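Peer 1: Contents are mmCIF, C-alpha atoms and all ligand atoms; file name structure29.cif:
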data_coords
loop_
_atom_site.label_atom_id
_atom_site.label_comp_id
_atom_site.auth_asym_id
_atom_site.auth_seq_id
_atom_site.Cartn_x
_atom_site.Cartn_y
_atom_site.Cartn_z
CA MET A 1 13.55 21.11 2.55
CA THR A 2 10.96 18.40 3.04
CA GLN A 3 10.76 16.22 6.14
CA MET A 4 9.20 12.77 6.18
CA ILE A 5 9.19 9.62 8.26
CA CYS A 6 10.63 6.58 6.51
CA ILE A 7 8.06 3.77 6.82
CA THR A 8 10.24 1.07 5.29
CA CYS A 9 11.09 -0.46 8.68
CA PRO A 10 9.98 0.05 12.33
CA GLN A 11 12.95 2.35 13.02
CA GLY A 12 10.97 5.22 11.49
CA CYS A 13 13.87 7.55 10.68
CA LEU A 14 13.05 11.23 10.26
CA LEU A 15 14.36 12.11 6.82
CA GLN A 16 15.31 15.55 5.51
CA VAL A 17 15.06 15.75 1.74
CA GLU A 18 16.32 18.54 -0.47
CA LYS A 19 16.03 18.87 -4.23
CA THR A 20 19.39 19.27 -5.93
CA ASP A 21 20.47 19.66 -9.53
CA ALA A 22 21.40 15.96 -9.55
CA GLY A 23 18.20 14.70 -7.88
CA TYR A 24 17.61 14.63 -4.14
CA SER A 25 19.87 14.93 -1.12
CA VAL A 26 18.66 12.80 1.81
CA SER A 27 19.86 12.96 5.42
CA GLY A 28 18.64 11.42 8.66
CA ASN A 29 18.39 7.96 7.11
CA GLY A 30 19.69 5.02 9.09
CA CYS A 31 20.37 2.99 5.97
CA LYS A 32 20.33 3.32 2.19
CA ARG A 33 16.73 2.12 1.93
CA GLY A 34 15.74 5.49 3.37
CA ILE A 35 17.25 7.21 0.34
CA ALA A 36 15.21 5.04 -2.03
CA PHE A 37 12.08 5.68 0.06
CA ALA A 38 12.60 9.45 0.04
CA GLU A 39 13.23 9.56 -3.70
CA ALA A 40 10.11 7.47 -4.36
CA GLU A 41 8.03 9.68 -2.05
CA MET A 42 9.18 12.78 -3.90
CA THR A 43 8.51 11.36 -7.36
CA HIS A 44 5.92 8.53 -7.34
CA PRO A 45 4.77 7.54 -3.83
CA MET A 46 3.33 4.04 -3.54
CA ARG A 47 1.34 2.31 -0.78
CA SER A 48 -0.17 -1.05 0.03
CA VAL A 49 -3.86 -0.61 0.79
CA THR A 50 -5.75 -2.62 3.41
CA GLY A 51 -9.45 -2.77 4.17
CA THR A 52 -12.43 -5.08 4.29
CA VAL A 53 -14.91 -6.40 1.75
CA ARG A 54 -18.39 -7.82 2.27
CA THR A 55 -19.19 -11.52 2.07
CA VAL A 56 -22.41 -13.51 1.65
CA PHE A 57 -21.68 -15.47 4.85
CA PRO A 58 -23.85 -14.30 7.77
CA GLN A 59 -21.40 -15.68 10.34
CA ARG A 60 -18.57 -13.75 8.68
CA PRO A 61 -20.02 -10.69 6.94
CA MET A 62 -16.69 -8.89 6.40
CA LEU A 63 -13.33 -10.18 5.20
CA PRO A 64 -10.04 -8.28 5.66
CA VAL A 65 -8.10 -7.76 2.43
CA ARG A 66 -5.07 -5.94 1.08
CA THR A 67 -3.66 -5.13 -2.31
CA ASP A 68 -1.21 -7.76 -3.53
CA ARG A 69 1.33 -5.02 -4.28
CA GLU A 70 1.86 -1.35 -3.70
CA VAL A 71 -0.31 0.97 -5.77
CA PRO A 72 0.11 4.68 -6.57
CA LYS A 73 -0.72 6.70 -3.45
CA GLU A 74 -3.14 8.88 -5.40
CA LYS A 75 -5.21 5.75 -6.19
CA MET A 76 -5.93 4.89 -2.54
CA LYS A 77 -9.44 6.40 -2.57
CA ALA A 78 -10.22 4.63 -5.85
CA VAL A 79 -9.09 1.34 -4.26
CA ALA A 80 -11.39 1.99 -1.28
CA ARG A 81 -14.31 2.59 -3.64
CA PHE A 82 -13.39 -0.59 -5.53
CA MET A 83 -13.37 -2.55 -2.23
CA ALA A 84 -16.85 -1.27 -1.43
CA GLU A 85 -18.18 -2.97 -4.57
CA ILE A 86 -16.71 -6.42 -3.83
CA VAL A 87 -18.84 -9.19 -2.31
CA VAL A 88 -17.09 -12.51 -1.64
CA GLU A 89 -19.42 -15.39 -2.53
CA LYS A 90 -17.20 -18.44 -1.90
CA ALA A 91 -14.79 -19.64 0.73
CA VAL A 92 -11.29 -18.28 0.25
CA ALA A 93 -7.88 -18.97 1.75
CA CYS A 94 -5.56 -16.35 3.16
CA GLY A 95 -3.59 -14.90 0.26
CA GLU A 96 -6.17 -15.86 -2.36
CA ALA A 97 -7.38 -13.21 -4.80
CA VAL A 98 -10.91 -11.98 -4.14
CA SER A 99 -11.17 -9.52 -7.02
CA GLY A 100 -10.13 -8.87 -10.57
CA GLU A 101 -7.58 -6.20 -11.40
CA ILE A 102 -8.12 -2.84 -9.79
CA PRO A 103 -8.43 -0.26 -12.59
CA GLY A 104 -5.39 1.96 -13.01
CA CYS A 105 -3.26 0.09 -10.48
CA GLY A 106 -0.85 -1.82 -12.69
CA GLY A 107 -2.54 -5.20 -12.41
CA ALA A 108 -2.95 -5.15 -8.61
CA VAL A 109 -5.76 -7.27 -7.16
CA LEU A 110 -7.24 -7.64 -3.69
CA VAL A 111 -6.19 -10.70 -1.67
CA ALA A 112 -7.72 -12.10 1.50
CA THR A 113 -5.67 -11.70 4.66
CA GLU A 114 -7.72 -14.32 6.51
CA THR A 115 -9.26 -17.65 5.57
CA ILE A 116 -13.03 -18.13 5.53
S1 LIG B 1 16.13 4.73 6.73
FE1 LIG B 1 16.57 2.54 6.96
S2 LIG B 1 16.69 2.24 9.19
FE2 LIG B 1 15.62 4.20 8.87
S3 LIG B 1 13.42 3.67 8.82
FE3 LIG B 1 14.15 3.65 6.69
S4 LIG B 1 14.68 1.51 6.30
FE4 LIG B 1 14.57 1.76 8.52
#
Will you turn the file into structure tokens for me?

Peer 2:
Amino acid sequence: MTQMICITCPQGCLLQVEKTDAGYSVSGNGCKRGIAFAEAEMTHPMRSVTGTVRTVFPQRPMLPVRTDREVPKEKMKAVARFMAEIVVEKAVACGEAVSGEIPGCGGAVLVATETI
């Protein structure tokens, strides 16, 4: 049996997951979204990634960003390395893309989470 915390909502249910012949048996979930979360975690876990990128603006040298969608969990370190290479050279609005596609992440890009 595998235990995990569902991070879909602030309730944070403690899930118990067992592999069965038909797929997975999930208990401890407060709603059906916990079942979908557990099955995704057991097969292809995904995460949104947040961080900061550098800018050319001395008064605002770092800009917080996030991926515009969830990316495979195993790509999180690659996304962090990708962020380290980005330098924002123009003013951007919150939600605006600040990068091209992140390699291997299904078309995900980085978006600003603040306006500069
Ligand atoms: S199982 Fe449902 S209620 Fe529990 S944390 Fe997940 S989404 Fe929230």

Peer 1: May I have the residues within 10 Å of Arg69 of chain A as a PyMOL selection string, using all atoms listed in the file and disregarding those fewer than 4 positions away in the same chain?

Peer 2: chain A and resi 46-49+105-111

Peer 1: Using all atoms listed in the file, which residues have at least one atom no more than 12 Å from ligand LIG 1 (chain B)? Output them as a list in words.

Peer 2: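 Result of the 12 Å neighbour search around ligand LIG 1 (chain B): Met4, Ile5, Cys6, Ile7, Thr8, Cys9, Pro10, Gln11, Gly12, Cys13, Leu14, Leu15, Gln16, Val26, Ser27, Gly28, Asn29, Gly30, Cys31, Lys32, Arg33, Gly34, Ile35, Ala36, Phe37, Ala38 and Glu39 of chain A.
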
Peer 1: Near Pro103 of chain A, counting all atoms listed in the file, which residues have an atom at most 12 Å away, once you skip same-chain residues fewer than 6 positions from it, shown as a list in words?

Peer 2: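 In the requested format, the answer is Val71, Pro72, Lys75, Met76, Ala78, Val79, Ala80, Arg81, Phe82, Met83, Val109 and Leu110 of chain A.
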
Peer 1: So the first atom is atom CA of Arg66 of chain A and the second is atom CA of Gly95 of chain A; what is the distance between them in Å, to one decimal place?

Peer 2: 9.1 Å

Peer 1: Atom CA of Gly51 of chain A to atom CA of Gly104 of chain A: how many Å, to one decimal?

Peer 2: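 For atom CA of Gly51 of chain A relative to atom CA of Gly104 of chain A, the distance reads 18.3 Å.
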
Peer 1: Pick the closest to Ile116 of chain A from A:Val17, A:Ala22, A:Ala40, A:Val92: which is it, counting all atoms listed in the file?

Peer 2: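 Smallest distance to Ile116 of chain A is found for A:Val92.
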
Peer 1: For each of A:Lys77, A:Pro61, A:Thr2, A:Glu114, take the minimum atom-to-atom distance to Cys94 of chain A, counting all atoms listed in the file, then give the residue where this is smallest.

Peer 2: A:Glu114

Peer 1: Have a look at atom CA of Val53 of chain A and atom CA of Glu41 of chain A and let me know their distance in Å, one decimal.

Peer 2: 28.3 Å

Peer 1: So, with all atoms listed in the file as the atoms that count, which of A:Arg54, A:Leu63, A:Thr115, A:Lys73 lies closest to Glu85 of chain A?

Peer 2: A:Arg54

Peer 1: Taking the block above, write segment 47-87 of chain A with N, CA and C atoms as an mmCIF file, in the first residue's frame.

Peer 2:
data_model
loop_
_atom_site.group_PDB
_atom_site.id
_atom_site.type_symbol
_atom_site.label_atom_id
_atom_site.label_comp_id
_atom_site.auth_asym_id
_atom_site.auth_seq_id
_atom_site.Cartn_x
_atom_site.Cartn_y
_atom_site.Cartn_z
ATOM 1 N N ARG A 47 3.214 18.410 -11.963
ATOM 2 C CA ARG A 47 3.292 19.526 -11.023
ATOM 3 C C ARG A 47 3.405 20.847 -11.781
ATOM 4 N N SER A 48 2.813 21.910 -11.207
ATOM 5 C CA SER A 48 3.163 23.255 -11.632
ATOM 6 C C SER A 48 4.490 23.593 -10.964
ATOM 7 N N VAL A 49 5.314 24.366 -11.654
ATOM 8 C CA VAL A 49 6.621 24.726 -11.103
ATOM 9 C C VAL A 49 6.677 26.243 -10.966
ATOM 10 N N THR A 50 7.104 26.715 -9.796
ATOM 11 C CA THR A 50 7.266 28.148 -9.569
ATOM 12 C C THR A 50 8.730 28.450 -9.292
ATOM 13 N N GLY A 51 9.101 29.711 -9.505
ATOM 14 C CA GLY A 51 10.480 30.113 -9.249
ATOM 15 C C GLY A 51 10.650 31.570 -9.608
ATOM 16 N N THR A 52 11.883 31.964 -9.834
ATOM 17 C CA THR A 52 12.170 33.332 -10.247
ATOM 18 C C THR A 52 13.142 33.300 -11.417
ATOM 19 N N VAL A 53 13.076 34.360 -12.224
ATOM 20 C CA VAL A 53 14.047 34.539 -13.309
ATOM 21 C C VAL A 53 14.682 35.919 -13.142
ATOM 22 N N ARG A 54 15.858 36.096 -13.739
ATOM 23 C CA ARG A 54 16.545 37.379 -13.652
ATOM 24 C C ARG A 54 15.928 38.373 -14.639
ATOM 25 N N THR A 55 16.119 39.653 -14.335
ATOM 26 C CA THR A 55 15.710 40.709 -15.260
ATOM 27 C C THR A 55 16.887 41.652 -15.457
ATOM 28 N N VAL A 56 16.747 42.571 -16.421
ATOM 29 C CA VAL A 56 17.802 43.572 -16.657
ATOM 30 C C VAL A 56 17.537 44.843 -15.841
ATOM 31 N N PHE A 57 16.460 44.854 -15.063
ATOM 32 C CA PHE A 57 16.064 46.058 -14.344
ATOM 33 C C PHE A 57 16.693 46.086 -12.948
ATOM 34 N N PRO A 58 17.591 47.050 -12.700
ATOM 35 C CA PRO A 58 18.288 47.078 -11.399
ATOM 36 C C PRO A 58 17.338 47.221 -10.215
ATOM 37 N N GLN A 59 16.234 47.942 -10.411
ATOM 38 C CA GLN A 59 15.290 48.125 -9.306
ATOM 39 C C GLN A 59 14.432 46.890 -9.077
ATOM 40 N N ARG A 60 14.486 45.948 -9.997
ATOM 41 C CA ARG A 60 13.687 44.726 -9.880
ATOM 42 C C ARG A 60 14.456 43.566 -10.527
ATOM 43 N N PRO A 61 15.516 43.129 -9.869
ATOM 44 C CA PRO A 61 16.427 42.161 -10.518
ATOM 45 C C PRO A 61 15.856 40.755 -10.697
ATOM 46 N N MET A 62 14.807 40.409 -9.929
ATOM 47 C CA MET A 62 14.230 39.066 -10.059
ATOM 48 C C MET A 62 12.722 39.177 -10.262
ATOM 49 N N LEU A 63 12.177 38.285 -11.055
ATOM 50 C CA LEU A 63 10.743 38.271 -11.342
ATOM 51 C C LEU A 63 10.188 36.876 -11.021
ATOM 52 N N PRO A 64 9.140 36.791 -10.193
ATOM 53 C CA PRO A 64 8.549 35.472 -9.926
ATOM 54 C C PRO A 64 7.782 34.961 -11.155
ATOM 55 N N VAL A 65 7.919 33.673 -11.403
ATOM 56 C CA VAL A 65 7.278 33.044 -12.561
ATOM 57 C C VAL A 65 6.722 31.679 -12.159
ATOM 58 N N ARG A 66 5.899 31.138 -13.027
ATOM 59 C CA ARG A 66 5.426 29.760 -12.876
ATOM 60 C C ARG A 66 5.211 29.181 -14.264
ATOM 61 N N THR A 67 5.124 27.876 -14.329
ATOM 62 C CA THR A 67 4.763 27.256 -15.599
ATOM 63 C C THR A 67 3.290 27.517 -15.867
ATOM 64 N N ASP A 68 2.931 27.640 -17.132
ATOM 65 C CA ASP A 68 1.537 27.948 -17.466
ATOM 66 C C ASP A 68 0.636 26.721 -17.395
ATOM 67 N N ARG A 69 1.228 25.575 -17.095
ATOM 68 C CA ARG A 69 0.465 24.333 -16.933
ATOM 69 C C ARG A 69 1.323 23.362 -16.131
ATOM 70 N N GLU A 70 0.725 22.275 -15.733
ATOM 71 C CA GLU A 70 1.497 21.273 -15.018
ATOM 72 C C GLU A 70 2.439 20.578 -15.993
ATOM 73 N N VAL A 71 3.613 20.211 -15.488
ATOM 74 C CA VAL A 71 4.610 19.510 -16.290
ATOM 75 C C VAL A 71 4.941 18.198 -15.576
ATOM 76 N N PRO A 72 5.513 17.225 -16.308
ATOM 77 C CA PRO A 72 5.865 15.960 -15.639
ATOM 78 C C PRO A 72 6.777 16.215 -14.438
ATOM 79 N N LYS A 73 6.472 15.559 -13.335
ATOM 80 C CA LYS A 73 7.225 15.785 -12.090
ATOM 81 C C LYS A 73 8.720 15.550 -12.297
ATOM 82 N N GLU A 74 9.074 14.584 -13.126
ATOM 83 C CA GLU A 74 10.490 14.283 -13.319
ATOM 84 C C GLU A 74 11.221 15.395 -14.089
ATOM 85 N N LYS A 75 10.474 16.357 -14.629
ATOM 86 C CA LYS A 75 11.089 17.467 -15.374
ATOM 87 C C LYS A 75 11.321 18.697 -14.496
ATOM 88 N N MET A 76 10.999 18.623 -13.218
ATOM 89 C CA MET A 76 11.089 19.816 -12.368
ATOM 90 C C MET A 76 12.512 20.384 -12.304
ATOM 91 N N LYS A 77 13.516 19.536 -12.205
ATOM 92 C CA LYS A 77 14.895 20.033 -12.167
ATOM 93 C C LYS A 77 15.274 20.660 -13.505
ATOM 94 N N ALA A 78 14.818 20.072 -14.592
ATOM 95 C CA ALA A 78 15.107 20.633 -15.915
ATOM 96 C C ALA A 78 14.448 22.004 -16.052
ATOM 97 N N VAL A 79 13.244 22.163 -15.504
ATOM 98 C CA VAL A 79 12.562 23.460 -15.543
ATOM 99 C C VAL A 79 13.361 24.478 -14.725
ATOM 100 N N ALA A 80 13.868 24.072 -13.573
ATOM 101 C CA ALA A 80 14.675 24.986 -12.747
ATOM 102 C C ALA A 80 15.929 25.423 -13.503
ATOM 103 N N ARG A 81 16.559 24.500 -14.189
ATOM 104 C CA ARG A 81 17.758 24.861 -14.981
ATOM 105 C C ARG A 81 17.369 25.805 -16.119
ATOM 106 N N PHE A 82 16.210 25.560 -16.731
ATOM 107 C CA PHE A 82 15.716 26.422 -17.804
ATOM 108 C C PHE A 82 15.473 27.828 -17.261
ATOM 109 N N MET A 83 14.863 27.934 -16.076
ATOM 110 C CA MET A 83 14.614 29.243 -15.458
ATOM 111 C C MET A 83 15.915 30.002 -15.248
ATOM 112 N N ALA A 84 16.953 29.302 -14.873
ATOM 113 C CA ALA A 84 18.234 29.947 -14.561
ATOM 114 C C ALA A 84 18.843 30.625 -15.786
ATOM 115 N N GLU A 85 18.411 30.205 -16.978
ATOM 116 C CA GLU A 85 18.959 30.768 -18.215
ATOM 117 C C GLU A 85 18.158 31.962 -18.733
ATOM 118 N N ILE A 86 16.994 32.228 -18.150
ATOM 119 C CA ILE A 86 16.108 33.279 -18.652
ATOM 120 C C ILE A 86 16.490 34.632 -18.053
ATOM 121 N N VAL A 87 16.553 35.651 -18.898
ATOM 122 C CA VAL A 87 16.731 37.033 -18.446
ATOM 123 C C VAL A 87 15.640 37.867 -19.122
#
